[in-house]
Amino acid sequence: MSSDQPAINLSLDGRIPERIGLADLTKRAFEGQNLADCWNRLLSTVEANPSDGGALMDLSVLAQLLGKGDAGETLQAQALETGRLYRSPFEGPATGIKLLAICAATDIGGNIPLEFLLQGSDVELTSLYVGEGAEGLSEPLPDHDLAIVAIGNAERFAHLLDKLDAAAARWPRPILNKPSNILQLERDRLYRLVSDINGLVCPPTVRVRRGDLLAHIHDLADLKNTLDGVEFPIIVRPVDSHAGRGLEKIDDAAALRSYLTLRAEEHFFVSPYLDYRSPDGLFRKYRIVFIAGRAFAVHMAITDEWKVWYLNANMSESSSKRSEEAAFFSSFDAGFAGRHAACFDELVKRVGLDYFGIDCAETRDGRLVLFEAETALIVHDMDPADIYPYKSPQMRKLFAAFVDMLHRRALQRQERAA
C-alpha cells in the first residue's frame, strides 16, 4: 500500500451488522450444548435474507466448531461479500471505549480472541475483516477511540501485515500491535530475534522446501548443511500450520521419508528436538500472555507426551495436576515470572507488541524454553468452576489488565487532544 493513498475514512454512520459472536458460540460448544437449534435458526434467517452478514458470520463460526472448516470458510466469504464490519455483543454503557479490531479473513483461531478478553467490560468491539489484498481499508469506518491489529498468523498473512504497516502509520487514532512487529513472530524470524537473550533457549528454526528435504535425505551430512546444522532427532511441521497439524518428531532419514510421503505441503519448518522433561519425567508447558509488557499466566499443561496441549494433558482428570497448576497461578509473579523477569523484559522489548502470548517451558537447569510467540493464542474463561475453581479469578485478573491497557491508551489520546 502506497503512502499517498487517502487518509482512513471515519465517516461511516450506518448500521453495522451484529452477531452472536465467537465467544458465545464457542462457550456453547465447549459446554456440550446442542448447536442444531442455533444452526437452524440462523439458516432460516439467511434463507429469508441472504444478505444478513451477521447471521452468515455466526454460521461460519458454528460450521468450524462442528468440524466443517471448508463450509465455514465459504460462509465467511459469503458474509464478507455483504460487508466487512461486524459488531460483537455489547451491553455496556454508551460512555465506554469503542475499539476497532483489524482482523484477517481467516478461521476462528486466526485473530486475537478479543471477545473473550472483553467479556463484561465497557469496551464496545467492532471488527473489520481485511482481505489479503487489504480490501476493506478504503471503505468508510466507524469512529473509534483506538484500534488494534488482531491478526495472529504471521506466516500466512505476511503480505497483508506489510500492507497494514503503511496504513497504521497514518491511522487517525491510537493503534495497538504494530503490524511489522507481528511479522517478527514468524517461527524462523523469531529465532533470529531472540536467540541471544540470556537465560532463554529458542530452538533454531529453518524454513525448508520439500524438494530440498527430498534431494538431500539420502546424505545425512548434506541434510545437516541444508538444515543449517540441525541434526536428528528433528521436529517438522508444515509452514502455516497451527494447533499441532502435521507436527511430528522425526528420528532418522527413513522416518523423514515416510513423513514426506504422507504430507502434500511444499514448505516446512524444521527445528531440533529438545527434551524438556522435568526431573519427574513429565513435560510441563506454559502459556503466558504479555499485556503492556506485564506477564500473566494463562495455563499450565502437564503430560508424559512431548507434544503438549492443554486438552491432551487431561488436566480435568487429575487433581494433582490441577493442584500444581493452581500453585503455578498463585505464585506466578514471585515464582515463574520472577525467575524469568530479566528474560521477559528483554523479550517484550524485542517483540515490541502491546499484546502477545508465548508457549514455553523450562529446562532442567532453569532456563526458559520458547516454543512459539503469537498474538492469537486462545485465552478464555470457559473451564467449569467446580473442577477448576482457581481458573476464573486468574482470567478475570488478566482480562481486567487488558481492558485497563485500552483505557490508558484511550486516555492518552484524550489528553493529547485537550
# chains A, B, ... in the order shown; residues from 1 in each chain; ligands from 1

call {"tool": "residues_around", "arguments": {"residues": "A:Arg257", "least_positions_apart": "5", "cutoff": "10 Å", "atoms": "only C-alpha atoms", "output": "JSON, numbers by chain"}}
result
{"A": [213, 214, 217, 218, 250, 252, 262]}

call {"tool": "write_last_selection", "arguments": {"atoms": "C-alpha atoms", "output": "JSON list (two decimals), in the first residue's frame"}}
result
[["chain", "number", "residue", "atom", "x", "y", "z"],
["A", 213, "LEU", "CA", 14.49, -32.22, 2.03],
["A", 214, "LEU", "CA", 13.91, -34.93, -0.57],
["A", 217, "ILE", "CA", 17.53, -37.06, 2.54],
["A", 218, "HIS", "CA", 19.96, -39.80, 1.49],
["A", 250, "ILE", "CA", 11.49, -37.40, 13.24],
["A", 252, "ASP", "CA", 16.09, -40.55, 11.21],
["A", 262, "LEU", "CA", 2.13, -38.55, 3.87]]

call {"tool": "residues_around", "arguments": {"residues": "A:Asp222", "least_positions_apart": "5", "cutoff": "12 Å", "atoms": "only C-alpha atoms", "output": "PDB file with N, CA and C atoms, in the first residue's frame"}}
result
ATOM      1  N   ASP A 212      14.103 -29.674  -1.265  1.00  0.00           N
ATOM      2  CA  ASP A 212      15.424 -29.713  -0.653  1.00  0.00           C
ATOM      3  C   ASP A 212      15.540 -30.861   0.342  1.00  0.00           C
ATOM      4  N   LEU A 213      14.472 -31.096   1.089  1.00  0.00           N
ATOM      5  CA  LEU A 213      14.485 -32.222   2.025  1.00  0.00           C
ATOM      6  C   LEU A 213      14.618 -33.545   1.279  1.00  0.00           C
ATOM      7  N   LEU A 214      13.861 -33.685   0.203  1.00  0.00           N
ATOM      8  CA  LEU A 214      13.909 -34.927  -0.567  1.00  0.00           C
ATOM      9  C   LEU A 214      15.251 -35.107  -1.264  1.00  0.00           C
ATOM     10  N   ALA A 215      15.807 -34.003  -1.753  1.00  0.00           N
ATOM     11  CA  ALA A 215      17.058 -34.097  -2.511  1.00  0.00           C
ATOM     12  C   ALA A 215      18.236 -34.524  -1.644  1.00  0.00           C
ATOM     13  N   HIS A 216      18.195 -34.179  -0.365  1.00  0.00           N
ATOM     14  CA  HIS A 216      19.348 -34.438   0.497  1.00  0.00           C
ATOM     15  C   HIS A 216      19.075 -35.501   1.553  1.00  0.00           C
ATOM     16  N   ILE A 217      17.916 -36.142   1.483  1.00  0.00           N
ATOM     17  CA  ILE A 217      17.529 -37.063   2.543  1.00  0.00           C
ATOM     18  C   ILE A 217      18.449 -38.280   2.622  1.00  0.00           C
ATOM     19  N   LEU A 227      19.910 -27.981   6.620  1.00  0.00           N
ATOM     20  CA  LEU A 227      19.155 -27.553   7.790  1.00  0.00           C
ATOM     21  C   LEU A 227      19.957 -26.636   8.706  1.00  0.00           C
ATOM     22  N   ASP A 228      20.997 -26.016   8.173  1.00  0.00           N
ATOM     23  CA  ASP A 228      21.813 -25.074   8.947  1.00  0.00           C
ATOM     24  C   ASP A 228      22.304 -25.674  10.257  1.00  0.00           C
ATOM     25  N   GLY A 229      22.748 -26.934  10.199  1.00  0.00           N
ATOM     26  CA  GLY A 229      23.338 -27.554  11.372  1.00  0.00           C
ATOM     27  C   GLY A 229      22.385 -28.335  12.241  1.00  0.00           C
ATOM     28  N   VAL A 230      21.089 -28.279  11.976  1.00  0.00           N
ATOM     29  CA  VAL A 230      20.111 -29.035  12.761  1.00  0.00           C
ATOM     30  C   VAL A 230      20.257 -30.520  12.453  1.00  0.00           C
ATOM     31  N   GLU A 231      20.329 -31.337  13.511  1.00  0.00           N
ATOM     32  CA  GLU A 231      20.523 -32.771  13.346  1.00  0.00           C
ATOM     33  C   GLU A 231      19.346 -33.555  13.933  1.00  0.00           C
ATOM     34  N   ALA A 253      16.446 -40.548   8.821  1.00  0.00           N
ATOM     35  CA  ALA A 253      16.117 -40.263   7.423  1.00  0.00           C
ATOM     36  C   ALA A 253      14.937 -41.095   6.944  1.00  0.00           C
TER      37      ALA A 253
END

call {"tool": "select_by_dssp", "arguments": {"residues": "stretch 67-141 of chain A", "states": "helix (DSSP H, G or I)", "output": "short mmCIF file (atom, residue, chain, number, x, y, z; two decimals) with N, CA and C atoms, in the first residue's frame"}}
result
data_model
loop_
_atom_site.label_atom_id
_atom_site.label_comp_id
_atom_site.auth_asym_id
_atom_site.auth_seq_id
_atom_site.Cartn_x
_atom_site.Cartn_y
_atom_site.Cartn_z
N GLY A 69 -14.63 -27.13 8.39
CA GLY A 69 -13.81 -25.97 8.09
C GLY A 69 -14.05 -25.39 6.72
N ASP A 70 -14.22 -26.23 5.71
CA ASP A 70 -14.44 -25.73 4.35
C ASP A 70 -15.76 -24.96 4.25
N ALA A 71 -16.79 -25.50 4.90
CA ALA A 71 -18.09 -24.81 4.90
C ALA A 71 -17.98 -23.48 5.64
N GLY A 72 -17.22 -23.47 6.74
CA GLY A 72 -17.04 -22.23 7.48
C GLY A 72 -16.35 -21.17 6.65
N GLU A 73 -15.34 -21.57 5.88
CA GLU A 73 -14.64 -20.63 5.01
C GLU A 73 -15.58 -20.07 3.94
N THR A 74 -16.40 -20.92 3.37
CA THR A 74 -17.35 -20.49 2.34
C THR A 74 -18.37 -19.51 2.92
N LEU A 75 -18.88 -19.82 4.10
CA LEU A 75 -19.88 -18.95 4.73
C LEU A 75 -19.28 -17.60 5.09
N GLN A 76 -18.04 -17.61 5.56
CA GLN A 76 -17.39 -16.33 5.87
C GLN A 76 -17.21 -15.49 4.61
N ALA A 77 -16.81 -16.14 3.52
CA ALA A 77 -16.64 -15.41 2.26
C ALA A 77 -17.96 -14.80 1.80
N GLN A 78 -19.06 -15.54 1.99
CA GLN A 78 -20.37 -15.00 1.63
C GLN A 78 -20.72 -13.81 2.50
N ALA A 79 -20.40 -13.89 3.80
CA ALA A 79 -20.68 -12.78 4.70
C ALA A 79 -19.89 -11.54 4.29
N LEU A 80 -18.63 -11.72 3.94
CA LEU A 80 -17.79 -10.57 3.62
C LEU A 80 -18.17 -9.93 2.30
N GLU A 81 -18.90 -10.65 1.46
CA GLU A 81 -19.45 -10.03 0.25
C GLU A 81 -20.53 -9.01 0.59
N THR A 82 -21.17 -9.18 1.76
CA THR A 82 -22.22 -8.24 2.17
C THR A 82 -21.64 -7.05 2.95
N LEU A 114 -10.53 -11.45 21.04
CA LEU A 114 -10.91 -10.23 21.75
C LEU A 114 -12.24 -10.36 22.48
N GLU A 115 -13.20 -11.10 21.91
CA GLU A 115 -14.48 -11.23 22.59
C GLU A 115 -14.32 -11.89 23.96
N PHE A 116 -13.40 -12.83 24.07
CA PHE A 116 -13.14 -13.44 25.37
C PHE A 116 -12.49 -12.43 26.32
N LEU A 117 -11.51 -11.69 25.82
CA LEU A 117 -10.78 -10.73 26.64
C LEU A 117 -11.66 -9.59 27.14
#

call {"tool": "residues_around", "arguments": {"residues": "A:His299", "least_positions_apart": "6", "cutoff": "12 Å", "atoms": "only C-alpha atoms", "output": "count of residues only"}}
result
40
